[in-house]
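Coordinates as given in input_27.txt (compact mmCIF, C-alpha atoms):
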# COMPACT_ATOMS: atom_id res chain seq x y z
CA MET A 1 0.00 0.00 0.00
CA VAL A 2 1.25 3.43 -0.90
CA LEU A 3 0.65 6.25 1.47
CA ASP A 4 0.23 9.31 -0.62
CA PHE A 5 0.90 12.41 1.42
CA ASN A 6 -0.31 15.04 -0.95
CA THR A 7 -0.25 18.79 -0.49
CA ILE A 8 -2.49 18.58 2.55
CA TYR A 9 0.32 16.97 4.43
CA TYR A 10 3.37 18.95 5.19
CA PRO A 11 5.94 18.19 7.82
CA GLY A 12 5.27 19.73 11.17
CA ARG A 13 1.57 19.97 10.65
CA PHE A 14 0.63 18.06 13.75
CA GLU A 15 3.33 19.70 15.79
CA ARG A 16 1.88 23.02 14.80
CA LEU A 17 -1.56 21.88 15.88
CA ILE A 18 -0.24 21.00 19.31
CA GLU A 19 1.76 24.25 19.48
CA ASP A 20 -1.34 26.26 18.68
CA PHE A 21 -3.13 24.55 21.50
CA PHE A 22 -0.62 25.84 24.04
CA LYS A 23 -0.40 29.34 22.65
CA PRO A 24 -2.04 32.10 24.68
CA GLN A 25 -5.66 32.46 23.71
CA PRO A 26 -8.00 35.40 24.05
CA GLY A 27 -9.22 35.08 27.60
CA GLU A 28 -12.45 33.43 28.56
CA GLY A 29 -15.21 35.93 28.74
CA ARG A 30 -13.22 38.44 26.74
CA ARG A 31 -15.37 37.75 23.73
CA MET A 32 -18.38 39.07 25.54
CA ALA A 33 -19.77 42.54 25.17
CA PHE A 34 -17.29 45.40 24.96
CA PRO A 35 -16.10 46.76 27.31
CA PRO A 36 -15.80 43.97 29.88
CA LEU A 37 -17.03 44.88 33.34
CA ASN A 38 -16.11 43.87 36.85
CA VAL A 39 -18.55 44.69 39.61
CA SER A 40 -17.55 44.31 43.22
CA GLU A 41 -18.44 45.66 46.64
CA ASP A 42 -16.99 46.10 50.05
CA GLU A 43 -18.53 47.46 53.21
CA ALA A 44 -18.57 51.07 52.10
CA ASN A 45 -18.63 51.13 48.31
CA TYR A 46 -19.60 49.46 45.09
CA TYR A 47 -16.89 49.32 42.44
CA VAL A 48 -17.50 49.12 38.72
CA ARG A 49 -14.32 48.52 36.71
CA SER A 50 -14.05 48.35 32.98
CA GLU A 51 -11.31 47.92 30.42
CA VAL A 52 -11.63 50.74 27.89
CA PRO A 53 -8.18 50.91 26.26
CA GLY A 54 -7.49 53.87 24.03
CA MET A 55 -10.15 56.10 25.53
CA ALA A 56 -9.41 59.44 27.13
CA MET A 57 -11.44 60.39 30.19
CA ASP A 58 -13.42 63.02 28.34
CA ALA A 59 -14.30 60.55 25.60
CA VAL A 60 -16.03 58.22 28.05
CA GLU A 61 -19.54 59.30 28.89
CA LEU A 62 -20.79 58.19 32.28
CA THR A 63 -24.44 58.70 33.14
CA LEU A 64 -25.94 57.91 36.50
CA THR A 65 -29.69 57.55 36.38
CA GLU A 66 -32.11 56.56 39.07
CA LYS A 67 -31.54 52.86 38.65
CA SER A 68 -28.55 52.43 36.43
CA LEU A 69 -25.04 53.48 35.53
CA VAL A 70 -24.46 53.86 31.80
CA ILE A 71 -20.97 53.75 30.27
CA ARG A 72 -20.91 54.99 26.71
CA GLY A 73 -18.35 56.06 24.17
CA GLU A 74 -16.90 55.57 20.75
CA ARG A 75 -13.61 54.01 19.87
CA PRO A 76 -12.07 55.59 16.81
CA THR A 77 -10.81 53.57 13.89
CA GLU A 78 -7.27 54.14 12.69
CA GLN A 79 -6.77 55.11 9.08
CA GLY A 80 -4.67 52.87 6.88
CA LYS A 81 -4.59 49.60 5.05
CA TYR A 82 -5.56 46.93 7.54
CA TYR A 83 -3.85 43.56 7.56
CA ARG A 84 -5.43 42.45 10.79
CA GLN A 85 -8.17 43.98 12.89
CA GLU A 86 -9.02 42.45 16.23
CA ARG A 87 -9.62 45.48 18.39
CA PRO A 88 -13.26 46.39 18.73
CA ALA A 89 -14.14 49.76 17.25
CA GLY A 90 -17.19 51.97 17.07
CA PHE A 91 -19.88 52.92 19.54
CA PHE A 92 -20.27 51.00 22.74
CA GLN A 93 -22.62 51.19 25.66
CA ARG A 94 -22.99 49.15 28.81
CA VAL A 95 -25.64 49.51 31.47
CA VAL A 96 -25.10 48.46 35.05
CA ALA A 97 -28.36 48.11 36.95
CA LEU A 98 -28.21 49.52 40.47
CA ASN A 99 -30.74 47.86 42.67
CA VAL A 100 -29.42 49.55 45.77
CA PRO A 101 -29.36 53.21 46.76
CA VAL A 102 -25.99 54.91 46.27
CA ASP A 103 -24.76 58.28 47.42
CA ARG A 104 -25.10 60.07 44.11
CA ASP A 105 -23.05 63.13 45.02
CA LYS A 106 -19.98 61.18 46.03
CA VAL A 107 -19.61 58.96 42.99
CA ARG A 108 -16.05 59.15 41.65
CA ALA A 109 -14.55 57.86 38.42
CA THR A 110 -10.91 57.43 37.50
CA LEU A 111 -9.22 56.18 34.35
CA THR A 112 -5.68 54.85 34.50
CA ASP A 113 -3.89 52.81 31.83
CA GLY A 114 -7.15 52.13 30.06
CA VAL A 115 -8.97 50.78 33.12
CA LEU A 116 -11.99 52.77 34.23
CA THR A 117 -12.93 52.58 37.90
CA VAL A 118 -16.21 53.99 39.19
CA VAL A 119 -16.64 54.07 42.96
CA LEU A 120 -20.23 54.30 44.12
CA PRO A 121 -20.48 54.84 47.87
CA LYS A 122 -23.33 53.07 49.58
CA CYS A 123 -25.99 55.22 51.19
CA GLU A 124 -25.74 55.56 54.94
CA GLY A 125 -29.21 54.19 55.30
CA ALA A 126 -28.48 51.18 53.11
CA ALA A 127 -25.86 49.71 55.44
CA PRO A 128 -27.30 46.78 57.36
CA LYS A 129 -28.28 47.70 60.86
CA LYS A 130 -28.53 45.39 63.77
CA ILE A 131 -31.80 45.51 65.60
CA SER A 132 -31.55 44.41 69.12
CA ILE A 133 -34.46 42.50 70.48
CA ASP A 134 -35.23 43.22 74.05
CA VAL A 135 -36.46 40.35 76.04
CA ALA A 136 -39.80 41.27 77.43
CA MET B 1 -14.32 32.86 35.81
CA SER B 2 -13.11 30.62 38.56
CA GLU B 3 -9.62 30.88 37.07
CA ASN B 4 -9.66 34.62 37.52
CA THR B 5 -10.53 34.49 41.18
CA ALA B 6 -7.95 31.81 41.82
CA SER B 7 -5.19 33.81 40.17
CA GLN B 8 -5.90 36.83 42.33
CA ASN B 9 -4.68 34.90 45.32
CA GLU B 10 -1.50 33.76 43.57
CA PRO B 11 -0.06 36.69 41.65
CA LYS B 12 2.68 34.54 40.18
CA ALA B 13 0.46 32.30 38.07
CA LEU B 14 -1.17 34.86 35.82
CA PRO B 15 -3.24 33.56 32.92
CA ARG B 16 -1.60 34.25 29.58
CA VAL B 17 -3.72 36.33 27.29
CA SER B 18 -3.26 37.24 23.67
CA PRO B 19 -4.13 40.96 23.32
CA ALA B 20 -6.38 42.22 20.55
CA THR B 21 -4.09 43.57 17.84
CA ASP B 22 -4.51 45.74 14.77
CA ILE B 23 -1.82 45.71 12.10
CA LEU B 24 -2.02 48.29 9.38
CA GLU B 25 0.09 49.96 6.77
CA ARG B 26 0.41 53.63 6.03
CA GLU B 27 2.68 55.60 3.79
CA ASP B 28 5.40 55.88 6.42
CA GLY B 29 5.45 52.24 7.41
CA PHE B 30 3.56 49.67 9.41
CA TYR B 31 1.63 50.35 12.59
CA VAL B 32 0.75 47.79 15.25
CA TYR B 33 -1.81 48.62 17.91
CA MET B 34 -2.36 46.37 20.92
CA ASP B 35 -4.99 46.68 23.62
CA ILE B 36 -3.21 46.05 26.88
CA PRO B 37 -5.32 47.80 29.51
CA GLY B 38 -3.96 47.83 33.03
CA VAL B 39 -0.31 47.44 32.01
CA ARG B 40 2.03 50.06 33.41
CA ARG B 41 5.05 51.17 31.43
CA GLY B 42 7.42 49.41 33.79
CA ASP B 43 5.62 46.10 33.41
CA LEU B 44 5.92 46.08 29.63
CA SER B 45 8.78 44.64 27.64
CA ILE B 46 9.28 44.47 23.89
CA ASP B 47 11.98 42.20 22.48
CA ILE B 48 13.17 41.60 18.96
CA ASN B 49 14.62 38.20 18.29
CA GLU B 50 15.62 37.66 14.68
CA ASN B 51 12.37 38.04 12.77
CA GLU B 52 10.02 38.12 15.69
CA LEU B 53 8.95 41.00 17.86
CA THR B 54 7.50 39.86 21.19
CA VAL B 55 5.43 42.03 23.49
CA THR B 56 5.01 40.94 27.11
CA GLY B 57 3.11 42.89 29.73
CA ARG B 58 1.58 42.22 33.09
CA ALA B 59 -1.73 43.67 34.16
CA LEU B 60 -2.17 43.19 37.86
CA GLN B 61 -5.47 45.05 38.38
CA GLY B 62 -5.06 45.31 42.11
CA ALA B 63 -8.26 45.08 44.07
CA ALA B 64 -8.68 45.62 47.77
CA GLU B 65 -8.77 42.45 49.79
CA LYS B 66 -12.16 42.88 51.31
CA GLU B 67 -13.99 43.28 48.03
CA SER B 68 -16.39 40.58 47.02
CA PHE B 69 -17.04 40.30 43.32
CA LEU B 70 -20.54 40.25 41.91
CA GLU B 71 -19.52 40.06 38.26
CA VAL B 72 -16.12 39.28 36.75
CA GLN B 73 -15.49 39.70 33.04
CA PHE B 74 -11.78 40.47 33.07
CA GLY B 75 -8.98 39.90 35.47
CA PRO B 76 -5.26 40.15 35.96
CA GLY B 77 -3.25 38.56 33.21
CA GLU B 78 -0.04 38.46 31.28
CA TYR B 79 -0.34 39.74 27.75
CA VAL B 80 1.91 37.91 25.31
CA ARG B 81 1.95 38.48 21.58
CA ALA B 82 4.53 37.88 18.89
CA VAL B 83 4.54 39.68 15.55
CA SER B 84 6.78 38.53 12.74
CA LEU B 85 8.70 41.27 11.02
CA SER B 86 9.10 41.51 7.29
CA ASP B 87 12.50 42.20 5.75
CA ARG B 88 11.23 45.59 4.65
CA VAL B 89 11.08 46.84 8.25
CA ASP B 90 13.92 49.00 9.51
CA ARG B 91 14.67 47.38 12.85
CA GLU B 92 16.81 50.22 14.11
CA ARG B 93 14.05 52.79 13.91
CA ILE B 94 11.13 50.94 15.52
CA THR B 95 9.39 53.13 18.07
CA ALA B 96 6.84 52.20 20.74
CA SER B 97 4.51 54.28 22.87
CA LEU B 98 1.95 53.37 25.51
CA LYS B 99 -1.06 55.57 26.11
CA ASP B 100 -4.34 54.81 27.87
CA GLY B 101 -3.73 51.09 27.72
CA VAL B 102 -2.95 50.96 24.00
CA LEU B 103 0.54 50.11 22.80
CA THR B 104 1.46 51.68 19.47
CA LEU B 105 4.40 50.30 17.53
CA HIS B 106 5.66 52.11 14.49
CA LEU B 107 7.70 49.97 12.13
CA PRO B 108 9.19 52.21 9.45
CA ARG B 109 10.08 50.79 6.07
CA LEU B 110 13.68 50.26 5.17
CA GLU B 111 15.05 53.05 3.01
CA LYS B 112 15.51 51.79 -0.46
CA LEU B 113 19.04 50.64 -1.07
CA ALA B 114 20.82 52.61 -3.75
CA PRO B 115 21.16 50.60 -6.97
CA ARG B 116 24.67 49.36 -7.52
CA ARG B 117 26.37 47.81 -10.48
CA ILE B 118 28.34 44.66 -9.93
CA PRO B 119 31.51 44.61 -11.96
CA VAL B 120 32.28 41.40 -13.79
CA LEU B 121 35.82 40.22 -13.27
CA SER B 122 37.58 38.33 -15.94
CA ALA B 123 39.15 35.16 -14.73

How does the structure come out when it is put into structure tokens?
Amino acid sequence: MVLDFNTIYYPGRFERLIEDFFKPQPGEGRRMAFPPLNVSEDEANYYVRSEVPGMAMDAVELTLTEKSLVIRGERPTEQGKYYRQERPAGFFQRVVALNVPVDRDKVRATLTDGVLTVVLPKCEGAAPKKISIDVA
Amino acid sequence: MSENTASQNEPKALPRVSPATDILEREDGFYVYMDIPGVRRGDLSIDINENELTVTGRALQGAAEKESFLEVQFGPGEYVRAVSLSDRVDRERITASLKDGVLTLHLPRLEKLAPRRIPVLSA
């Protein structure tokens, strides 16, 4: 029997397959909506973090409504002849629903190295209070 | 998602991530843009080894210890990406800049070599 390795076979093909498997991949969850969001809380604040690379602070529009925080902006497209385009471009918007009261006047936002951090302080009244039960 | 929370406890074992990259050509050469949010300038290294340019950067995304996460869609990671260079790129004049989490590499074209006549020697 003659094994005919035609053009489909070339040396190193299977090695390459295995190499590709171990190469760094786009992270899990990174293919979700742009920009990715992290939401966390501690005793005093809620934190909303987002990766918005390439955006200046004044290009990111943050809106705090009664029940939600809206992050909106537009990523510009570079001019030129593209060989590869993986970075998301164009308008984006993400809405974070706030089901808890926050201190609206003390909300702060910072943007460093393309990571946006919004700190939403919890309302004084929203902190859990202990109710002591007196024994009758 | 569970990988992200696990790696926050062990900063040494960061997941390796391939950053989103644009490669484009303009009149003055090639441009490479990489999204590497959270990487500081000191945590970024760019190496050229023969025909390959490798970008490595660490994004640590420090969070306070007491925070509990309600939603995690990104986390700390090590960005690794290799770009192969064509022979037309002038390696000596490659420039890189990092702004707002985007790395910009400018790879200028090699100046055209002046034409030269090769004399034929008689044996």

Spatial neighbours of Met55 (chain A), max dist 9 Å, all atoms listed in the file, sep filter under 6 positions, as a list of chain:residue names: A:Gly73, A:Glu74, A:Arg75, A:Pro76, A:Leu111, A:Gly114, B:Asp100, B:Gly101, B:Val102

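In this structure, CA of Ser68 (chain B) sits 20.1 Å away from CA of Gly38 (chain B).
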
If we count all atoms listed in the file, which residues of chain A reach to within 12 Å of chain B? Please list them as a PDB file with C-alpha atoms, in the coordinates of the input.
ATOM      1  CA  PHE A  22      -0.620  25.840  24.040  1.00  0.00           C
ATOM      2  CA  LYS A  23      -0.400  29.340  22.650  1.00  0.00           C
ATOM      3  CA  PRO A  24      -2.040  32.100  24.680  1.00  0.00           C
ATOM      4  CA  GLN A  25      -5.660  32.460  23.710  1.00  0.00           C
ATOM      5  CA  PRO A  26      -8.000  35.400  24.050  1.00  0.00           C
ATOM      6  CA  GLY A  27      -9.220  35.080  27.600  1.00  0.00           C
ATOM      7  CA  GLU A  28     -12.450  33.430  28.560  1.00  0.00           C
ATOM      8  CA  GLY A  29     -15.210  35.930  28.740  1.00  0.00           C
ATOM      9  CA  ARG A  30     -13.220  38.440  26.740  1.00  0.00           C
ATOM     10  CA  ARG A  31     -15.370  37.750  23.730  1.00  0.00           C
ATOM     11  CA  MET A  32     -18.380  39.070  25.540  1.00  0.00           C
ATOM     12  CA  ALA A  33     -19.770  42.540  25.170  1.00  0.00           C
ATOM     13  CA  PHE A  34     -17.290  45.400  24.960  1.00  0.00           C
ATOM     14  CA  PRO A  35     -16.100  46.760  27.310  1.00  0.00           C
ATOM     15  CA  PRO A  36     -15.800  43.970  29.880  1.00  0.00           C
ATOM     16  CA  LEU A  37     -17.030  44.880  33.340  1.00  0.00           C
ATOM     17  CA  ASN A  38     -16.110  43.870  36.850  1.00  0.00           C
ATOM     18  CA  VAL A  39     -18.550  44.690  39.610  1.00  0.00           C
ATOM     19  CA  SER A  40     -17.550  44.310  43.220  1.00  0.00           C
ATOM     20  CA  GLU A  41     -18.440  45.660  46.640  1.00  0.00           C
ATOM     21  CA  ASP A  42     -16.990  46.100  50.050  1.00  0.00           C
ATOM     22  CA  GLU A  43     -18.530  47.460  53.210  1.00  0.00           C
ATOM     23  CA  ALA A  44     -18.570  51.070  52.100  1.00  0.00           C
ATOM     24  CA  ASN A  45     -18.630  51.130  48.310  1.00  0.00           C
ATOM     25  CA  TYR A  46     -19.600  49.460  45.090  1.00  0.00           C
ATOM     26  CA  TYR A  47     -16.890  49.320  42.440  1.00  0.00           C
ATOM     27  CA  VAL A  48     -17.500  49.120  38.720  1.00  0.00           C
ATOM     28  CA  ARG A  49     -14.320  48.520  36.710  1.00  0.00           C
ATOM     29  CA  SER A  50     -14.050  48.350  32.980  1.00  0.00           C
ATOM     30  CA  GLU A  51     -11.310  47.920  30.420  1.00  0.00           C
ATOM     31  CA  VAL A  52     -11.630  50.740  27.890  1.00  0.00           C
ATOM     32  CA  PRO A  53      -8.180  50.910  26.260  1.00  0.00           C
ATOM     33  CA  GLY A  54      -7.490  53.870  24.030  1.00  0.00           C
ATOM     34  CA  MET A  55     -10.150  56.100  25.530  1.00  0.00           C
ATOM     35  CA  ALA A  56      -9.410  59.440  27.130  1.00  0.00           C
ATOM     36  CA  MET A  57     -11.440  60.390  30.190  1.00  0.00           C
ATOM     37  CA  ALA A  59     -14.300  60.550  25.600  1.00  0.00           C
ATOM     38  CA  ARG A  75     -13.610  54.010  19.870  1.00  0.00           C
ATOM     39  CA  THR A  77     -10.810  53.570  13.890  1.00  0.00           C
ATOM     40  CA  GLU A  78      -7.270  54.140  12.690  1.00  0.00           C
ATOM     41  CA  GLN A  79      -6.770  55.110   9.080  1.00  0.00           C
ATOM     42  CA  GLY A  80      -4.670  52.870   6.880  1.00  0.00           C
ATOM     43  CA  LYS A  81      -4.590  49.600   5.050  1.00  0.00           C
ATOM     44  CA  TYR A  82      -5.560  46.930   7.540  1.00  0.00           C
ATOM     45  CA  TYR A  83      -3.850  43.560   7.560  1.00  0.00           C
ATOM     46  CA  ARG A  84      -5.430  42.450  10.790  1.00  0.00           C
ATOM     47  CA  GLN A  85      -8.170  43.980  12.890  1.00  0.00           C
ATOM     48  CA  GLU A  86      -9.020  42.450  16.230  1.00  0.00           C
ATOM     49  CA  ARG A  87      -9.620  45.480  18.390  1.00  0.00           C
ATOM     50  CA  PRO A  88     -13.260  46.390  18.730  1.00  0.00           C
ATOM     51  CA  ALA A  89     -14.140  49.760  17.250  1.00  0.00           C
ATOM     52  CA  VAL A  96     -25.100  48.460  35.050  1.00  0.00           C
ATOM     53  CA  THR A 110     -10.910  57.430  37.500  1.00  0.00           C
ATOM     54  CA  LEU A 111      -9.220  56.180  34.350  1.00  0.00           C
ATOM     55  CA  THR A 112      -5.680  54.850  34.500  1.00  0.00           C
ATOM     56  CA  ASP A 113      -3.890  52.810  31.830  1.00  0.00           C
ATOM     57  CA  GLY A 114      -7.150  52.130  30.060  1.00  0.00           C
ATOM     58  CA  VAL A 115      -8.970  50.780  33.120  1.00  0.00           C
ATOM     59  CA  LEU A 116     -11.990  52.770  34.230  1.00  0.00           C
ATOM     60  CA  THR A 117     -12.930  52.580  37.900  1.00  0.00           C
TER      61      THR A 117
END

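In this model, the gap between CA of Leu60 (chain B) and CA of Val119 (chain A) comes to 18.8 Å.
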
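As for CA of Leu53 (chain B) and CA of Pro115 (chain B), they are spaced 29.3 Å apart.
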
Nearest residue to Ser86 (chain B) from the set B:Gly29, B:Ser122, B:Ile46, B:Val55 (distances using only C-alpha atoms): B:Gly29

Reconstructed N, CA, C and O atoms for region 67-83 of chain B, given as a short mmCIF file (atom, residue, chain, number, x, y, z; two decimals), keeping the file's coordinate frame:
data_model
loop_
_atom_site.label_atom_id
_atom_site.label_comp_id
_atom_site.auth_asym_id
_atom_site.auth_seq_id
_atom_site.Cartn_x
_atom_site.Cartn_y
_atom_site.Cartn_z
N GLU B 67 -12.93 43.19 49.03
CA GLU B 67 -13.99 43.28 48.03
C GLU B 67 -14.52 41.90 47.68
O GLU B 67 -13.77 40.95 47.53
N SER B 68 -15.82 41.83 47.54
CA SER B 68 -16.39 40.58 47.02
C SER B 68 -16.97 40.89 45.65
O SER B 68 -17.63 41.91 45.45
N PHE B 69 -16.69 40.01 44.70
CA PHE B 69 -17.04 40.30 43.32
C PHE B 69 -18.43 39.78 42.99
O PHE B 69 -18.79 38.65 43.33
N LEU B 70 -19.20 40.62 42.33
CA LEU B 70 -20.54 40.25 41.91
C LEU B 70 -20.53 39.81 40.45
O LEU B 70 -21.36 39.05 40.02
N GLU B 71 -19.59 40.35 39.70
CA GLU B 71 -19.52 40.06 38.26
C GLU B 71 -18.07 40.21 37.84
O GLU B 71 -17.44 41.22 38.14
N VAL B 72 -17.53 39.21 37.19
CA VAL B 72 -16.12 39.28 36.75
C VAL B 72 -16.06 38.97 35.26
O VAL B 72 -16.44 37.89 34.84
N GLN B 73 -15.62 39.93 34.48
CA GLN B 73 -15.49 39.70 33.04
C GLN B 73 -14.07 39.90 32.55
O GLN B 73 -13.76 39.64 31.40
N PHE B 74 -13.20 40.42 33.41
CA PHE B 74 -11.78 40.47 33.07
C PHE B 74 -11.01 40.36 34.36
O PHE B 74 -11.57 40.49 35.45
N GLY B 75 -9.76 40.08 34.26
CA GLY B 75 -8.98 39.90 35.47
C GLY B 75 -7.52 40.16 35.20
O GLY B 75 -7.14 40.57 34.10
N PRO B 76 -6.68 39.96 36.19
CA PRO B 76 -5.26 40.15 35.96
C PRO B 76 -4.75 39.12 34.98
O PRO B 76 -5.27 38.01 34.90
N GLY B 77 -3.75 39.50 34.21
CA GLY B 77 -3.25 38.56 33.21
C GLY B 77 -1.91 39.02 32.68
O GLY B 77 -1.47 40.13 32.92
N GLU B 78 -1.30 38.13 31.94
CA GLU B 78 -0.04 38.46 31.28
C GLU B 78 -0.30 38.46 29.79
O GLU B 78 -0.70 37.46 29.21
N TYR B 79 -0.12 39.63 29.19
CA TYR B 79 -0.34 39.74 27.75
C TYR B 79 0.92 39.29 27.02
O TYR B 79 2.01 39.76 27.31
N VAL B 80 0.76 38.37 26.10
CA VAL B 80 1.91 37.91 25.31
C VAL B 80 1.47 37.89 23.85
O VAL B 80 0.42 37.35 23.51
N ARG B 81 2.29 38.51 23.00
CA ARG B 81 1.95 38.48 21.58
C ARG B 81 3.23 38.63 20.77
O ARG B 81 4.06 39.47 21.07
N ALA B 82 3.37 37.80 19.77
CA ALA B 82 4.53 37.88 18.89
C ALA B 82 4.07 38.31 17.51
O ALA B 82 3.04 37.86 17.03
N VAL B 83 4.83 39.20 16.91
CA VAL B 83 4.54 39.68 15.55
C VAL B 83 5.77 39.39 14.72
O VAL B 83 6.88 39.73 15.13
#
